[in-house]
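One structure below.
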Amino acid sequence: MMCGEWQVSIRRASAALEFDRSTYHYQSCRPDQALLAARIKTIRETRVRYGYRRVQVLLRREGWVIKQKRTRRIYNELGLQLRNKTPKLRVKAKLREDRAPATRPNDVWAMDFVHDQLATGRKIRVLTVIDTFSRFSPVVDPRFSYRAEHVVATLERVCAKVGYPRTIRVDQDSEFISRDLDLWAYTKGVTLDFSRPGKPTDNAFIEAFNGASGANV
């Protein structure tokens with residue numbers, strides 16, 4: 001304003017006000033906060049149990065150069081803090097418009113658990129996987145106890161034989177949102193495509209496969 005009203009140069013105005021000229025010419029290099037906030041919100045729409053630390057990891061992988069403190073601030077401003085209870089199923093999620101049908105084998109796999117009980121009464125969990133293009137099931141693996149590290153071990157064993165998929169569709173089971181599976185997928189270049197909470201039709205291929213299998217159990 002002073003330069004315009006008094007017709008003086010920036011240098012003379014800065015000297016009179018004892019103002020550093022570099023501040024006048026400074027342009028912020030910070031990434032646009034609206035874009036960052038939108039990306040954080042998008043991540044949490046499918047990874048509903050991710051805290052700000054795990055969101056920060058994904059942002060760094062995508063090339064965002066930001067401090068964890070800023071991620072936490074925006075995360076909290078968006079009201080994304082984790083609650084003790086699982087989000088209610090009546091909460092409406094956005095439609096999955098980013099999904100494309102598989103075009104070749106190992107393009108998209110779908111994965112889930114089914115449960116059964118032996119004649120002795122002991123319960124088992126069965127990891128089922130299906131290729132959504134070929135309808136081939138690379139693995140049906142039963143265990144008495146199935147943890148995240150077991151899922152990783154099973155996938156690594158199977159992928160060594162048939163190859164790694166480009167994408168695996170999964171739901172929000174604790175084994176699928178675990179750090180173990182996330183790190184494995186990132187290392188192998190596999191995308192984990194999470195279903196929306198309360199939307200089993202997002203993973204309809206594995207639901208149909210498990211339904212048909214269950215009829216014969």
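Residue names in the structure tokens use chain letters A, B, ... in the order shown, residue numbers from 1 in each chain, and ligand numbers from 1 in the order shown.
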Which residues of range 128-201 of chain A come within 12 Å of range 51-55 of chain A, and for each one, what is the closest pair of atoms and their distance in Å to one decimal, counting only C-alpha atoms, sorted by chain and residue number, as a tab-separated table?
```
residue	atom	partner	partner_atom	distance
A:Ile177	CA	A:Arg54	CA	10.4
A:Ser178	CA	A:Arg54	CA	10.3
A:Arg179	CA	A:Arg54	CA	8.6
A:Asp182	CA	A:Arg54	CA	9.8
A:Leu183	CA	A:Arg54	CA	11.0
```
When you look at Val139 in chain A with a cut-off of 9 Å (counting only C-alpha atoms), what residues show up, excluding the ones that are within fewer than 2 positions of it in the same chain? I need them as a short mmCIF file (atom, residue, chain, number, x, y, z; two decimals) with N, CA, C and O atoms, in the first residue's frame.
```cif
data_model
loop_
_atom_site.label_atom_id
_atom_site.label_comp_id
_atom_site.auth_asym_id
_atom_site.auth_seq_id
_atom_site.Cartn_x
_atom_site.Cartn_y
_atom_site.Cartn_z
N LEU A 127 -9.28 -69.04 5.23
CA LEU A 127 -8.97 -67.92 4.34
C LEU A 127 -9.27 -68.35 2.91
O LEU A 127 -8.72 -69.35 2.43
N THR A 128 -10.14 -67.61 2.24
CA THR A 128 -10.50 -67.93 0.86
C THR A 128 -10.08 -66.78 -0.04
O THR A 128 -10.23 -65.62 0.30
N VAL A 129 -9.57 -67.13 -1.20
CA VAL A 129 -9.12 -66.14 -2.19
C VAL A 129 -9.62 -66.57 -3.56
O VAL A 129 -9.61 -67.76 -3.88
N ILE A 130 -10.09 -65.60 -4.36
CA ILE A 130 -10.55 -65.90 -5.70
C ILE A 130 -10.05 -64.83 -6.67
O ILE A 130 -9.97 -63.65 -6.32
N SER A 137 -9.58 -70.12 -7.78
CA SER A 137 -9.24 -69.88 -6.38
C SER A 137 -7.83 -70.38 -6.11
O SER A 137 -7.60 -71.59 -6.07
N ASP A 141 -7.42 -71.89 2.71
CA ASP A 141 -6.50 -72.32 3.76
C ASP A 141 -7.17 -72.27 5.14
O ASP A 141 -7.48 -71.19 5.64
N THR A 154 0.57 -67.07 4.04
CA THR A 154 -0.22 -67.80 3.05
C THR A 154 -0.15 -67.14 1.68
O THR A 154 0.05 -67.80 0.66
N LEU A 155 -0.31 -65.83 1.65
CA LEU A 155 -0.24 -65.11 0.38
C LEU A 155 1.13 -65.23 -0.26
O LEU A 155 1.24 -65.43 -1.48
N VAL A 158 1.46 -68.69 -1.81
CA VAL A 158 0.64 -68.85 -3.01
C VAL A 158 1.19 -68.02 -4.16
O VAL A 158 1.27 -68.49 -5.31
#
```
Could you name the residues that touch Gln56 in chain A at 12 Å or less, counting only C-alpha atoms, but leaving out those on the same chain fewer than 3 positions away, as a PyMOL selection string?
chain A and resi 36-37+39-40+43-44+50-53+59-75
Test item: residues at most 7 Å from range 203-210 of chain A, only C-alpha atoms, excluding those fewer than 2 positions along its chain, as a list of chain:residue names
A:Ala110, A:Met111, A:Asp112, A:Val114, A:Ile130, A:Thr132, A:Arg169, A:Val170, A:Ser195, A:Pro200, A:Thr201, A:Ala212, A:Ser213, A:Gly214
Take the residues from that selection and write them out as a PDB file, in the first residue's frame, keeping N, CA and C atoms.
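Here's the written file again.pdb:
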```pdb
ATOM      1  N   ALA A 110      -9.914 -61.298  -4.729  1.00  0.00           N
ATOM      2  CA  ALA A 110     -10.803 -60.968  -3.622  1.00  0.00           C
ATOM      3  C   ALA A 110     -10.527 -61.961  -2.501  1.00  0.00           C
ATOM      4  N   MET A 111     -10.553 -61.480  -1.258  1.00  0.00           N
ATOM      5  CA  MET A 111     -10.129 -62.317  -0.131  1.00  0.00           C
ATOM      6  C   MET A 111     -11.026 -62.070   1.080  1.00  0.00           C
ATOM      7  N   ASP A 112     -11.307 -63.143   1.796  1.00  0.00           N
ATOM      8  CA  ASP A 112     -12.145 -63.033   2.997  1.00  0.00           C
ATOM      9  C   ASP A 112     -11.968 -64.287   3.842  1.00  0.00           C
ATOM     10  N   VAL A 114     -14.080 -67.411   6.037  1.00  0.00           N
ATOM     11  CA  VAL A 114     -15.313 -68.108   6.403  1.00  0.00           C
ATOM     12  C   VAL A 114     -15.034 -68.904   7.672  1.00  0.00           C
ATOM     13  N   ILE A 130     -10.089 -65.603  -4.356  1.00  0.00           N
ATOM     14  CA  ILE A 130     -10.547 -65.904  -5.698  1.00  0.00           C
ATOM     15  C   ILE A 130     -10.046 -64.830  -6.668  1.00  0.00           C
ATOM     16  N   THR A 132     -10.913 -62.624  -9.585  1.00  0.00           N
ATOM     17  CA  THR A 132     -12.212 -62.163 -10.090  1.00  0.00           C
ATOM     18  C   THR A 132     -12.329 -62.252 -11.605  1.00  0.00           C
ATOM     19  N   ARG A 169      -8.965 -57.226  -3.083  1.00  0.00           N
ATOM     20  CA  ARG A 169     -10.116 -56.615  -2.422  1.00  0.00           C
ATOM     21  C   ARG A 169     -10.375 -57.321  -1.095  1.00  0.00           C
ATOM     22  N   VAL A 170     -10.463 -56.542  -0.044  1.00  0.00           N
ATOM     23  CA  VAL A 170     -10.646 -57.085   1.297  1.00  0.00           C
ATOM     24  C   VAL A 170     -11.645 -56.223   2.061  1.00  0.00           C
ATOM     25  N   SER A 195     -13.207 -52.583   1.224  1.00  0.00           N
ATOM     26  CA  SER A 195     -14.640 -52.364   1.095  1.00  0.00           C
ATOM     27  C   SER A 195     -15.095 -51.288   2.064  1.00  0.00           C
ATOM     28  N   PRO A 200     -21.049 -55.209   2.081  1.00  0.00           N
ATOM     29  CA  PRO A 200     -20.462 -56.471   1.612  1.00  0.00           C
ATOM     30  C   PRO A 200     -20.496 -56.618   0.098  1.00  0.00           C
ATOM     31  N   THR A 201     -21.399 -55.881  -0.578  1.00  0.00           N
ATOM     32  CA  THR A 201     -21.459 -55.964  -2.032  1.00  0.00           C
ATOM     33  C   THR A 201     -20.223 -55.364  -2.693  1.00  0.00           C
ATOM     34  N   ALA A 212     -21.393 -70.106  -2.020  1.00  0.00           N
ATOM     35  CA  ALA A 212     -21.498 -71.379  -2.735  1.00  0.00           C
ATOM     36  C   ALA A 212     -20.726 -72.471  -2.028  1.00  0.00           C
ATOM     37  N   SER A 213     -19.565 -72.124  -1.496  1.00  0.00           N
ATOM     38  CA  SER A 213     -18.760 -73.120  -0.767  1.00  0.00           C
ATOM     39  C   SER A 213     -19.439 -73.546   0.509  1.00  0.00           C
ATOM     40  N   GLY A 214     -20.069 -72.566   1.176  1.00  0.00           N
ATOM     41  CA  GLY A 214     -20.719 -72.870   2.450  1.00  0.00           C
ATOM     42  C   GLY A 214     -21.880 -73.831   2.297  1.00  0.00           C
TER      43      GLY A 214
END
```
For Glu175 in chain A, list every protein, DNA or RNA residue within 9 Å, evaluated using only C-alpha atoms, and leave out those in the same chain fewer than 4 positions away; present the list as a PyMOL selection string.
chain A and resi 146-151+179-181
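Interatomic distance, CA of Leu80 in chain A to CA of Trp109 in chain A: 29.3 Å.
Picture a line from CA of Ala153 in chain A to CA of Trp184 in chain A; it runs 9.7 Å.
Considering only C-alpha atoms, the residue among A:Arg143, A:Arg99, A:Arg49, A:Arg122 positioned nearest to Ile168 in chain A is A:Arg99.
The closest residue to Pro165 in chain A, picked from A:Thr187, A:Ser134, A:Asn106, A:Thr120 and counting only C-alpha atoms, is A:Asn106.
Picture a line from CA of Asp116 in chain A to CA of Asp171 in chain A; it runs 19.1 Å.
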Would you give me, as a PDB file with N, CA, C and O atoms, in the first residue's frame, the residues in range 94-163 of chain A that DSSP reads as alpha helix (DSSP H)?
```pdb
ATOM      1  N   ALA A 148      -2.696 -61.941  11.430  1.00  0.00           N
ATOM      2  CA  ALA A 148      -2.219 -61.178  10.268  1.00  0.00           C
ATOM      3  C   ALA A 148      -0.971 -61.794   9.653  1.00  0.00           C
ATOM      4  O   ALA A 148      -0.849 -61.878   8.427  1.00  0.00           O
ATOM      5  N   GLU A 149      -0.051 -62.246  10.499  1.00  0.00           N
ATOM      6  CA  GLU A 149       1.177 -62.841   9.971  1.00  0.00           C
ATOM      7  C   GLU A 149       0.906 -64.136   9.208  1.00  0.00           C
ATOM      8  O   GLU A 149       1.633 -64.498   8.280  1.00  0.00           O
ATOM      9  N   HIS A 150      -0.181 -64.845   9.587  1.00  0.00           N
ATOM     10  CA  HIS A 150      -0.557 -66.058   8.864  1.00  0.00           C
ATOM     11  C   HIS A 150      -1.098 -65.713   7.471  1.00  0.00           C
ATOM     12  O   HIS A 150      -0.836 -66.436   6.498  1.00  0.00           O
ATOM     13  N   VAL A 151      -1.863 -64.608   7.392  1.00  0.00           N
ATOM     14  CA  VAL A 151      -2.374 -64.165   6.091  1.00  0.00           C
ATOM     15  C   VAL A 151      -1.216 -63.847   5.159  1.00  0.00           C
ATOM     16  O   VAL A 151      -1.193 -64.264   3.994  1.00  0.00           O
ATOM     17  N   VAL A 152      -0.217 -63.135   5.675  1.00  0.00           N
ATOM     18  CA  VAL A 152       0.947 -62.771   4.875  1.00  0.00           C
ATOM     19  C   VAL A 152       1.701 -64.022   4.419  1.00  0.00           C
ATOM     20  O   VAL A 152       2.088 -64.143   3.252  1.00  0.00           O
ATOM     21  N   ALA A 153       1.891 -64.963   5.336  1.00  0.00           N
ATOM     22  CA  ALA A 153       2.614 -66.190   5.002  1.00  0.00           C
ATOM     23  C   ALA A 153       1.878 -66.996   3.923  1.00  0.00           C
ATOM     24  O   ALA A 153       2.495 -67.524   2.992  1.00  0.00           O
ATOM     25  N   THR A 154       0.569 -67.074   4.036  1.00  0.00           N
ATOM     26  CA  THR A 154      -0.223 -67.802   3.049  1.00  0.00           C
ATOM     27  C   THR A 154      -0.150 -67.137   1.684  1.00  0.00           C
ATOM     28  O   THR A 154       0.050 -67.795   0.657  1.00  0.00           O
ATOM     29  N   LEU A 155      -0.308 -65.826   1.654  1.00  0.00           N
ATOM     30  CA  LEU A 155      -0.244 -65.105   0.383  1.00  0.00           C
ATOM     31  C   LEU A 155       1.131 -65.232  -0.262  1.00  0.00           C
ATOM     32  O   LEU A 155       1.239 -65.428  -1.483  1.00  0.00           O
ATOM     33  N   GLU A 156       2.178 -65.141   0.540  1.00  0.00           N
ATOM     34  CA  GLU A 156       3.528 -65.238  -0.014  1.00  0.00           C
ATOM     35  C   GLU A 156       3.761 -66.624  -0.607  1.00  0.00           C
ATOM     36  O   GLU A 156       4.373 -66.769  -1.673  1.00  0.00           O
ATOM     37  N   ARG A 157       3.266 -67.651   0.074  1.00  0.00           N
ATOM     38  CA  ARG A 157       3.425 -69.027  -0.413  1.00  0.00           C
ATOM     39  C   ARG A 157       2.671 -69.218  -1.729  1.00  0.00           C
ATOM     40  O   ARG A 157       3.188 -69.820  -2.674  1.00  0.00           O
ATOM     41  N   VAL A 158       1.459 -68.693  -1.811  1.00  0.00           N
ATOM     42  CA  VAL A 158       0.643 -68.852  -3.010  1.00  0.00           C
ATOM     43  C   VAL A 158       1.195 -68.020  -4.165  1.00  0.00           C
ATOM     44  O   VAL A 158       1.273 -68.489  -5.306  1.00  0.00           O
ATOM     45  N   CYS A 159       1.579 -66.776  -3.884  1.00  0.00           N
ATOM     46  CA  CYS A 159       2.067 -65.883  -4.940  1.00  0.00           C
ATOM     47  C   CYS A 159       3.376 -66.388  -5.548  1.00  0.00           C
ATOM     48  O   CYS A 159       3.675 -66.111  -6.711  1.00  0.00           O
ATOM     49  N   ALA A 160       4.154 -67.114  -4.747  1.00  0.00           N
ATOM     50  CA  ALA A 160       5.395 -67.686  -5.282  1.00  0.00           C
ATOM     51  C   ALA A 160       5.096 -68.708  -6.372  1.00  0.00           C
ATOM     52  O   ALA A 160       5.939 -68.969  -7.238  1.00  0.00           O
ATOM     53  N   LYS A 161       3.880 -69.258  -6.376  1.00  0.00           N
ATOM     54  CA  LYS A 161       3.500 -70.263  -7.370  1.00  0.00           C
ATOM     55  C   LYS A 161       2.741 -69.673  -8.553  1.00  0.00           C
ATOM     56  O   LYS A 161       2.981 -70.041  -9.693  1.00  0.00           O
ATOM     57  N   VAL A 162       1.806 -68.756  -8.265  1.00  0.00           N
ATOM     58  CA  VAL A 162       0.923 -68.266  -9.336  1.00  0.00           C
ATOM     59  C   VAL A 162       1.175 -66.811  -9.697  1.00  0.00           C
ATOM     60  O   VAL A 162       0.563 -66.292 -10.636  1.00  0.00           O
TER      61      VAL A 162
END
```
Just the strand (DSSP E) stuff from range 97-132 of chain A, please, per backbone DSSP, written as a PyMOL selection string.
chain A and resi 108-117+123-131
